[in-house]
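**Q** This is entry-v8.pdb, which holds PDB, C-alpha atoms and all ligand atoms:
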ATOM      1  CA  MET V  29       1.882 101.247 125.326  1.00  0.00           C
ATOM      2  CA  THR V  30       4.674  99.321 123.700  1.00  0.00           C
ATOM      3  CA  LYS V  31       6.187 101.692 121.212  1.00  0.00           C
ATOM      4  CA  LEU V  32       9.418 103.565 121.462  1.00  0.00           C
ATOM      5  CA  LEU V  33       8.796 107.171 122.519  1.00  0.00           C
ATOM      6  CA  TYR V  34      10.816 110.128 121.275  1.00  0.00           C
ATOM      7  CA  VAL V  35      11.562 113.554 122.670  1.00  0.00           C
ATOM      8  CA  PRO V  36       9.717 115.707 123.553  1.00  0.00           C
ATOM      9  CA  ASN V  37       7.186 113.115 124.756  1.00  0.00           C
ATOM     10  CA  PRO V  38       6.301 114.130 128.355  1.00  0.00           C
ATOM     11  CA  LEU V  39       6.432 110.514 129.597  1.00  0.00           C
ATOM     12  CA  LEU V  40      10.198 110.642 129.101  1.00  0.00           C
ATOM     13  CA  ARG V  41      10.275 113.408 131.697  1.00  0.00           C
ATOM     14  CA  GLN V  42       8.326 111.588 134.389  1.00  0.00           C
ATOM     15  CA  LYS V  43       9.595 109.538 137.299  1.00  0.00           C
ATOM     16  CA  ALA V  44       9.128 105.800 137.106  1.00  0.00           C
ATOM     17  CA  GLU V  45       7.682 104.091 140.176  1.00  0.00           C
ATOM     18  CA  LYS V  46       9.335 101.407 142.250  1.00  0.00           C
ATOM     19  CA  ILE V  47       7.925  97.953 141.708  1.00  0.00           C
ATOM     20  CA  ASN V  48       6.890  95.789 144.668  1.00  0.00           C
ATOM     21  CA  ILE V  49       7.965  92.440 143.408  1.00  0.00           C
ATOM     22  CA  VAL V  50       9.442  91.046 140.202  1.00  0.00           C
ATOM     23  CA  GLY V  51       6.567  88.941 138.952  1.00  0.00           C
ATOM     24  CA  HIS V  52       5.058  87.722 135.726  1.00  0.00           C
ATOM     25  CA  GLU V  53       3.902  91.182 134.655  1.00  0.00           C
ATOM     26  CA  GLU V  54       7.312  92.820 135.256  1.00  0.00           C
ATOM     27  CA  LEU V  55       9.138  90.053 133.375  1.00  0.00           C
ATOM     28  CA  LYS V  56       6.688  90.441 130.517  1.00  0.00           C
ATOM     29  CA  ILE V  57       7.436  94.175 130.309  1.00  0.00           C
ATOM     30  CA  ALA V  58      11.195  93.489 130.406  1.00  0.00           C
ATOM     31  CA  LYS V  59      10.844  90.953 127.608  1.00  0.00           C
ATOM     32  CA  LYS V  60       8.934  93.418 125.448  1.00  0.00           C
ATOM     33  CA  MET V  61      11.552  96.091 126.198  1.00  0.00           C
ATOM     34  CA  LYS V  62      14.311  93.744 125.112  1.00  0.00           C
ATOM     35  CA  GLU V  63      12.562  93.054 121.806  1.00  0.00           C
ATOM     36  CA  ILE V  64      12.214  96.770 121.119  1.00  0.00           C
ATOM     37  CA  MET V  65      15.818  97.461 122.148  1.00  0.00           C
ATOM     38  CA  LEU V  66      17.258  94.705 119.939  1.00  0.00           C
ATOM     39  CA  LYS V  67      15.161  95.772 116.999  1.00  0.00           C
ATOM     40  CA  ALA V  68      16.165  99.445 117.250  1.00  0.00           C
ATOM     41  CA  PRO V  69      19.036  98.403 117.836  1.00  0.00           C
ATOM     42  CA  GLY V  70      20.245  99.803 121.122  1.00  0.00           C
ATOM     43  CA  VAL V  71      22.369  98.743 124.085  1.00  0.00           C
ATOM     44  CA  GLY V  72      19.925  99.645 126.829  1.00  0.00           C
ATOM     45  CA  LEU V  73      16.346 100.668 127.425  1.00  0.00           C
ATOM     46  CA  ALA V  74      14.342 102.054 130.341  1.00  0.00           C
ATOM     47  CA  ALA V  75      10.606 101.388 130.733  1.00  0.00           C
ATOM     48  CA  ASN V  76       9.801 105.123 130.435  1.00  0.00           C
ATOM     49  CA  GLN V  77      10.948 104.897 126.832  1.00  0.00           C
ATOM     50  CA  ILE V  78       7.982 102.706 125.953  1.00  0.00           C
ATOM     51  CA  GLY V  79       5.599 104.711 128.121  1.00  0.00           C
ATOM     52  CA  ILE V  80       5.610 102.462 131.191  1.00  0.00           C
ATOM     53  CA  LEU V  81       6.430 104.320 134.400  1.00  0.00           C
ATOM     54  CA  LYS V  82       7.991 101.431 136.287  1.00  0.00           C
ATOM     55  CA  GLN V  83      11.606 101.127 137.402  1.00  0.00           C
ATOM     56  CA  ILE V  84      12.736  98.567 134.854  1.00  0.00           C
ATOM     57  CA  VAL V  85      15.914  98.669 132.772  1.00  0.00           C
ATOM     58  CA  THR V  86      17.255  96.168 130.286  1.00  0.00           C
ATOM     59  CA  ILE V  87      20.768  96.054 128.882  1.00  0.00           C
ATOM     60  CA  PHE V  88      22.434  94.168 126.040  1.00  0.00           C
ATOM     61  CA  TYR V  89      25.837  94.734 124.557  1.00  0.00           C
ATOM     62  CA  VAL V  90      28.907  92.818 123.466  1.00  0.00           C
ATOM     63  CA  ASP V  91      32.062  93.533 125.434  1.00  0.00           C
ATOM     64  CA  LYS V  92      34.710  94.550 122.912  1.00  0.00           C
ATOM     65  CA  GLU V  93      37.593  92.953 124.800  1.00  0.00           C
ATOM     66  CA  THR V  94      36.107  89.712 126.046  1.00  0.00           C
ATOM     67  CA  LYS V  95      33.544  89.368 123.203  1.00  0.00           C
ATOM     68  CA  LYS V  96      31.106  88.341 125.902  1.00  0.00           C
ATOM     69  CA  GLU V  97      27.442  89.211 125.598  1.00  0.00           C
ATOM     70  CA  ILE V  98      26.288  91.215 128.594  1.00  0.00           C
ATOM     71  CA  GLU V  99      22.558  90.845 128.928  1.00  0.00           C
ATOM     72  CA  TYR V 100      20.250  91.255 131.908  1.00  0.00           C
ATOM     73  CA  ASN V 101      17.324  93.114 133.431  1.00  0.00           C
ATOM     74  CA  LEU V 102      17.384  95.417 136.423  1.00  0.00           C
ATOM     75  CA  PHE V 103      14.357  96.158 138.581  1.00  0.00           C
ATOM     76  CA  ASN V 104      14.439  99.116 140.990  1.00  0.00           C
ATOM     77  CA  PRO V 105      18.075  99.857 140.124  1.00  0.00           C
ATOM     78  CA  GLN V 106      19.804 102.332 142.380  1.00  0.00           C
ATOM     79  CA  ILE V 107      23.296 103.699 142.223  1.00  0.00           C
ATOM     80  CA  ILE V 108      24.702 103.674 145.744  1.00  0.00           C
ATOM     81  CA  SER V 109      28.135 105.116 145.049  1.00  0.00           C
ATOM     82  CA  TYR V 110      30.153 106.764 142.291  1.00  0.00           C
ATOM     83  CA  SER V 111      33.902 106.868 141.709  1.00  0.00           C
ATOM     84  CA  GLU V 112      35.558 110.240 141.867  1.00  0.00           C
ATOM     85  CA  GLU V 113      37.305 109.438 138.648  1.00  0.00           C
ATOM     86  CA  THR V 114      35.256 110.452 135.635  1.00  0.00           C
ATOM     87  CA  ILE V 115      35.461 109.546 131.971  1.00  0.00           C
ATOM     88  CA  ILE V 116      34.181 111.125 128.761  1.00  0.00           C
ATOM     89  CA  MET V 117      32.271 108.860 126.376  1.00  0.00           C
ATOM     90  CA  GLU V 118      29.999 109.456 123.437  1.00  0.00           C
ATOM     91  CA  GLU V 119      26.338 108.804 124.156  1.00  0.00           C
ATOM     92  CA  GLY V 120      23.224 108.440 122.101  1.00  0.00           C
ATOM     93  CA  CYS V 121      19.664 107.499 122.987  1.00  0.00           C
ATOM     94  CA  LEU V 122      16.913 105.574 121.220  1.00  0.00           C
ATOM     95  CA  SER V 123      14.485 108.320 122.250  1.00  0.00           C
ATOM     96  CA  ILE V 124      16.740 110.987 120.705  1.00  0.00           C
ATOM     97  CA  PRO V 125      17.566 109.324 117.358  1.00  0.00           C
ATOM     98  CA  GLU V 126      20.656 110.244 115.329  1.00  0.00           C
ATOM     99  CA  GLN V 127      22.026 112.586 117.991  1.00  0.00           C
ATOM    100  CA  PHE V 128      25.275 111.993 119.836  1.00  0.00           C
ATOM    101  CA  ALA V 129      27.366 113.921 122.324  1.00  0.00           C
ATOM    102  CA  GLU V 130      30.389 113.446 124.519  1.00  0.00           C
ATOM    103  CA  ILE V 131      29.291 113.258 128.149  1.00  0.00           C
ATOM    104  CA  GLU V 132      31.417 113.152 131.283  1.00  0.00           C
ATOM    105  CA  ARG V 133      30.301 110.786 134.029  1.00  0.00           C
ATOM    106  CA  PRO V 134      31.825 108.805 136.911  1.00  0.00           C
ATOM    107  CA  LYS V 135      33.883 105.872 135.647  1.00  0.00           C
ATOM    108  CA  ILE V 136      32.822 103.271 138.206  1.00  0.00           C
ATOM    109  CA  ILE V 137      29.520 102.851 140.012  1.00  0.00           C
ATOM    110  CA  LYS V 138      28.227 100.573 142.713  1.00  0.00           C
ATOM    111  CA  LEU V 139      24.607  99.613 142.262  1.00  0.00           C
ATOM    112  CA  GLN V 140      21.781  97.642 143.754  1.00  0.00           C
ATOM    113  CA  TYR V 141      18.846  96.094 141.911  1.00  0.00           C
ATOM    114  CA  LEU V 142      16.479  93.148 141.869  1.00  0.00           C
ATOM    115  CA  ASP V 143      17.143  90.497 139.262  1.00  0.00           C
ATOM    116  CA  ASP V 144      14.630  88.355 137.334  1.00  0.00           C
ATOM    117  CA  HIS V 145      14.268  86.094 140.369  1.00  0.00           C
ATOM    118  CA  ASN V 146      13.538  88.946 142.744  1.00  0.00           C
ATOM    119  CA  LYS V 147      16.981  88.607 144.326  1.00  0.00           C
ATOM    120  CA  LEU V 148      18.736  91.733 145.577  1.00  0.00           C
ATOM    121  CA  ILE V 149      22.040  92.134 143.745  1.00  0.00           C
ATOM    122  CA  GLU V 150      24.838  94.509 144.666  1.00  0.00           C
ATOM    123  CA  ARG V 151      27.643  94.986 142.160  1.00  0.00           C
ATOM    124  CA  GLU V 152      30.427  97.287 141.130  1.00  0.00           C
ATOM    125  CA  VAL V 153      30.446  98.112 137.420  1.00  0.00           C
ATOM    126  CA  ASP V 154      33.060  99.800 135.262  1.00  0.00           C
ATOM    127  CA  GLY V 155      33.575 100.839 131.625  1.00  0.00           C
ATOM    128  CA  VAL V 156      30.848 100.701 128.986  1.00  0.00           C
ATOM    129  CA  GLU V 157      28.497  98.815 131.272  1.00  0.00           C
ATOM    130  CA  ALA V 158      28.731 101.540 133.940  1.00  0.00           C
ATOM    131  CA  ARG V 159      28.079 104.119 131.259  1.00  0.00           C
ATOM    132  CA  ILE V 160      24.987 102.407 129.843  1.00  0.00           C
ATOM    133  CA  LEU V 161      23.545 101.854 133.309  1.00  0.00           C
ATOM    134  CA  GLN V 162      24.014 105.463 134.405  1.00  0.00           C
ATOM    135  CA  HIS V 163      22.260 106.604 131.238  1.00  0.00           C
ATOM    136  CA  GLU V 164      19.358 104.156 131.707  1.00  0.00           C
ATOM    137  CA  ILE V 165      18.926 104.786 135.417  1.00  0.00           C
ATOM    138  CA  ASP V 166      18.726 108.518 134.626  1.00  0.00           C
ATOM    139  CA  HIS V 167      15.735 107.739 132.393  1.00  0.00           C
ATOM    140  CA  LEU V 168      13.857 106.347 135.392  1.00  0.00           C
ATOM    141  CA  SER V 169      13.942 109.762 137.020  1.00  0.00           C
ATOM    142  CA  GLY V 170      13.000 111.583 133.827  1.00  0.00           C
ATOM    143  CA  LYS V 171      16.514 112.650 132.983  1.00  0.00           C
ATOM    144  CA  LEU V 172      18.053 112.518 129.495  1.00  0.00           C
ATOM    145  CA  PHE V 173      21.687 112.665 128.385  1.00  0.00           C
ATOM    146  CA  VAL V 174      21.079 116.001 126.666  1.00  0.00           C
ATOM    147  CA  ASP V 175      20.437 117.481 130.121  1.00  0.00           C
ATOM    148  CA  TYR V 176      24.208 117.410 130.642  1.00  0.00           C
ATOM    149  CA  LEU V 177      24.644 119.767 127.691  1.00  0.00           C
ATOM    150  CA  SER V 178      24.016 123.497 127.466  1.00  0.00           C
ATOM    151  CA  HIS V 179      20.480 124.727 126.976  1.00  0.00           C
ATOM    152  CA  LEU V 180      21.324 125.775 123.449  1.00  0.00           C
ATOM    153  CA  LYS V 181      22.851 122.447 122.407  1.00  0.00           C
ATOM    154  CA  ARG V 182      19.951 120.572 123.946  1.00  0.00           C
ATOM    155  CA  ASN V 183      17.343 122.597 122.089  1.00  0.00           C
ATOM    156  CA  ILE V 184      19.179 122.185 118.802  1.00  0.00           C
ATOM    157  CA  MET V 185      19.267 118.405 119.242  1.00  0.00           C
ATOM    158  CA  ILE V 186      15.593 118.156 120.121  1.00  0.00           C
ATOM    159  CA  LYS V 187      14.689 120.272 117.084  1.00  0.00           C
ATOM    160  CA  LYS V 188      16.841 118.036 114.897  1.00  0.00           C
ATOM    161  CA  VAL V 189      14.997 114.990 116.197  1.00  0.00           C
ATOM    162  CA  GLN V 190      11.644 116.526 115.288  1.00  0.00           C
ATOM    163  CA  LYS V 191      12.924 117.208 111.792  1.00  0.00           C
ATOM    164  CA  TYR V 192      14.328 113.695 111.519  1.00  0.00           C
ATOM    165  CA  LEU V 193      11.053 112.100 112.637  1.00  0.00           C
ATOM    166  CA  LYS V 194       9.034 114.202 110.210  1.00  0.00           C
ATOM    167  CA  ILE V 195      11.158 113.038 107.295  1.00  0.00           C
ATOM    168  CA  LYS V 196      11.111 109.452 108.536  1.00  0.00           C
ATOM    169  CA  ASN V 197       7.338 109.400 108.972  1.00  0.00           C
ATOM    170  CA  ASN V 198       6.746 110.892 105.537  1.00  0.00           C
ATOM    171  CA  ALA V 199       9.085 108.474 103.814  1.00  0.00           C
TER     172      ALA V 199
HETATM  173 ZN    ZN W 201      18.376 106.757 126.469  1.00  0.00          ZN
END
What does this structure look like when you write it as structure tokens?
**A**
Amino acid sequence: MTKLLYVPNPLLRQKAEKINIVGHEELKIAKKMKEIMLKAPGVGLAANQIGILKQIVTIFYVDKETKKEIEYNLFNPQIISYSEETIIMEEGCLSIPEQFAEIERPKIIKLQYLDDHNKLIEREVDGVEARILQHEIDHLSGKLFVDYLSHLKRNIMIKKVQKYLKIKNNA
């Protein structure tokens, strides 16, 4: 499967499995994910979102201050610590189109992952990058940003998505 999935697709609610080694197949999936993410366009994508239950995340965004392009893949990403300080930022999701909400999350995270060369990386991340990664890593355990909202708000958003997709598909 290599199409973007939308709520309430059950694959978005499943846990992605750890990969053994970053090999040809995993890099191929990451490449496909990047294509889909850039086309959407989005700033991050988790493999669940294209129906592949493997722990793969890809990220691409331009840092507003440094104008630098931040672009890489993460395999088996794991957050090992969170800052106590939190920050509120607006989030959206390619699997929940046209819906946005302010979500509070830790400001800084420390994470571990395998890179494209199967090397174990440990880094501390702050700002937008930390936000995108927390959102994407949530996807790998079947969690969506709307889960941080009330039941009512979440249901309204999911209904709106269904309406949006109906109109889009009929257009
Ligand atoms: Zn998302």
**Q** Would you mind telling me which residue in V:Ile160, V:Leu139, V:Met185, V:Ile115 lies nearest to Ala74 (chain V) when using all atoms listed in the file?
**A** V:Ile160
**Q** Using all atoms listed in the file, what does the table of chain V residues within 8 Å of ligand ZN 201 (chain W) look like, with each row giving the shortest atom pair and its distance in Å to one decimal, sorted by chain and ascending number, as CSV?
**A**
residue,atom,partner,partner_atom,distance
V:Gly72,CA,W:ZN201,ZN,7.3
V:Leu73,CA,W:ZN201,ZN,6.5
V:Ala74,CA,W:ZN201,ZN,7.3
V:Gln77,CA,W:ZN201,ZN,7.7
V:Gly120,CA,W:ZN201,ZN,6.7
V:Cys121,CA,W:ZN201,ZN,3.8
V:Leu122,CA,W:ZN201,ZN,5.6
V:Ser123,CA,W:ZN201,ZN,5.9
V:Ile124,CA,W:ZN201,ZN,7.3
V:His163,CA,W:ZN201,ZN,6.2
V:Glu164,CA,W:ZN201,ZN,5.9
V:His167,CA,W:ZN201,ZN,6.6
V:Leu172,CA,W:ZN201,ZN,6.5
V:Phe173,CA,W:ZN201,ZN,7.0
**Q** Please provide the set of residues having any atom within 9 Å of region 78-90 of chain V, restricted to all atoms listed in the file, with same-chain residues fewer than 2 positions apart removed, written as a PyMOL selection string.
**A** chain V and resi 29-33+39-40+42-47+54+57-59+61-62+64-66+70-76+92-105+156-157+160-161+164-165+168-169
**Q** Output C-alpha atoms for every residue in the selection just made, as a short mmCIF file (atom, residue, chain, number, x, y, z; two decimals), keeping the file's coordinate frame.
**A**
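File result14.cif, as written:
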data_model
loop_
_atom_site.label_atom_id
_atom_site.label_comp_id
_atom_site.auth_asym_id
_atom_site.auth_seq_id
_atom_site.Cartn_x
_atom_site.Cartn_y
_atom_site.Cartn_z
CA MET V 29 1.88 101.25 125.33
CA THR V 30 4.67 99.32 123.70
CA LYS V 31 6.19 101.69 121.21
CA LEU V 32 9.42 103.56 121.46
CA LEU V 33 8.80 107.17 122.52
CA LEU V 39 6.43 110.51 129.60
CA LEU V 40 10.20 110.64 129.10
CA GLN V 42 8.33 111.59 134.39
CA LYS V 43 9.60 109.54 137.30
CA ALA V 44 9.13 105.80 137.11
CA GLU V 45 7.68 104.09 140.18
CA LYS V 46 9.34 101.41 142.25
CA ILE V 47 7.92 97.95 141.71
CA GLU V 54 7.31 92.82 135.26
CA ILE V 57 7.44 94.18 130.31
CA ALA V 58 11.20 93.49 130.41
CA LYS V 59 10.84 90.95 127.61
CA MET V 61 11.55 96.09 126.20
CA LYS V 62 14.31 93.74 125.11
CA ILE V 64 12.21 96.77 121.12
CA MET V 65 15.82 97.46 122.15
CA LEU V 66 17.26 94.70 119.94
CA GLY V 70 20.24 99.80 121.12
CA VAL V 71 22.37 98.74 124.08
CA GLY V 72 19.92 99.64 126.83
CA LEU V 73 16.35 100.67 127.42
CA ALA V 74 14.34 102.05 130.34
CA ALA V 75 10.61 101.39 130.73
CA ASN V 76 9.80 105.12 130.44
CA LYS V 92 34.71 94.55 122.91
CA GLU V 93 37.59 92.95 124.80
CA THR V 94 36.11 89.71 126.05
CA LYS V 95 33.54 89.37 123.20
CA LYS V 96 31.11 88.34 125.90
CA GLU V 97 27.44 89.21 125.60
CA ILE V 98 26.29 91.22 128.59
CA GLU V 99 22.56 90.84 128.93
CA TYR V 100 20.25 91.26 131.91
CA ASN V 101 17.32 93.11 133.43
CA LEU V 102 17.38 95.42 136.42
CA PHE V 103 14.36 96.16 138.58
CA ASN V 104 14.44 99.12 140.99
CA PRO V 105 18.08 99.86 140.12
CA VAL V 156 30.85 100.70 128.99
CA GLU V 157 28.50 98.82 131.27
CA ILE V 160 24.99 102.41 129.84
CA LEU V 161 23.54 101.85 133.31
CA GLU V 164 19.36 104.16 131.71
CA ILE V 165 18.93 104.79 135.42
CA LEU V 168 13.86 106.35 135.39
CA SER V 169 13.94 109.76 137.02
#
**Q** If I take CA of Arg41 (chain V) and CA of Gln190 (chain V), how far is one from the other in Å, to one decimal?
**A**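 Computing the Euclidean distance for CA of Arg41 (chain V) and CA of Gln190 (chain V) yields 16.8 Å.
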**Q** On this file, the PyMOL selection byres (((chain V and resi 135) around 7) and not hetatm) gives some set of residues; write that set as JSON, numbers by chain.
**A** {"V": [111, 113, 114, 115, 133, 134, 136, 137, 154, 155, 158]}
**Q** Write to file, as an mmCIF file, in the frame of the given file, the residues of the selection just made, with C-alpha atoms.
**A**
data_model
loop_
_atom_site.group_PDB
_atom_site.id
_atom_site.type_symbol
_atom_site.label_atom_id
_atom_site.label_comp_id
_atom_site.auth_asym_id
_atom_site.auth_seq_id
_atom_site.Cartn_x
_atom_site.Cartn_y
_atom_site.Cartn_z
ATOM 1 C CA SER V 111 33.902 106.868 141.709
ATOM 2 C CA GLU V 113 37.305 109.438 138.648
ATOM 3 C CA THR V 114 35.256 110.452 135.635
ATOM 4 C CA ILE V 115 35.461 109.546 131.971
ATOM 5 C CA ARG V 133 30.301 110.786 134.029
ATOM 6 C CA PRO V 134 31.825 108.805 136.911
ATOM 7 C CA ILE V 136 32.822 103.271 138.206
ATOM 8 C CA ILE V 137 29.520 102.851 140.012
ATOM 9 C CA ASP V 154 33.060 99.800 135.262
ATOM 10 C CA GLY V 155 33.575 100.839 131.625
ATOM 11 C CA ALA V 158 28.731 101.540 133.940
#
**Q** Using all atoms listed in the file, pick whichever of V:Lys187, V:Glu119, V:Ala129, V:Gln106 has the shortest atom-to-atom distance to Glu150 (chain V).
**A**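 Of the candidates, the smallest distance to Glu150 (chain V) is held by V:Gln106.
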**Q** Using all atoms listed in the file, which residue out of V:Pro125, V:Leu148, V:Ile107, V:Asp175 lies closest to Lys188 (chain V)?
**A**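 Of all the options, V:Pro125 lies closest to Lys188 (chain V).
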**Q** Please indicate the distance in Å from CA of Lys196 (chain V) to CA of Ala68 (chain V), rounded to one decimal place.
**A**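 Here the two named atoms are 14.2 Å from each other.
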**Q** Using only C-alpha atoms, which residues sit within 7 Å of Ile131 (chain V) once same-chain residues fewer than 4 positions away are excluded, as a list in words?
**A**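 Selected residues are Ile116, Met117, Glu118 and Glu119 of chain V.
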**Q** How would the residues just picked look written out with C-alpha atoms as a PDB file, in the frame of the given file?
**A**
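Output file again_22.pdb is given in full below:
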ATOM      1  CA  ILE V 116      34.181 111.125 128.761  1.00  0.00           C
ATOM      2  CA  MET V 117      32.271 108.860 126.376  1.00  0.00           C
ATOM      3  CA  GLU V 118      29.999 109.456 123.437  1.00  0.00           C
ATOM      4  CA  GLU V 119      26.338 108.804 124.156  1.00  0.00           C
TER       5      GLU V 119
END
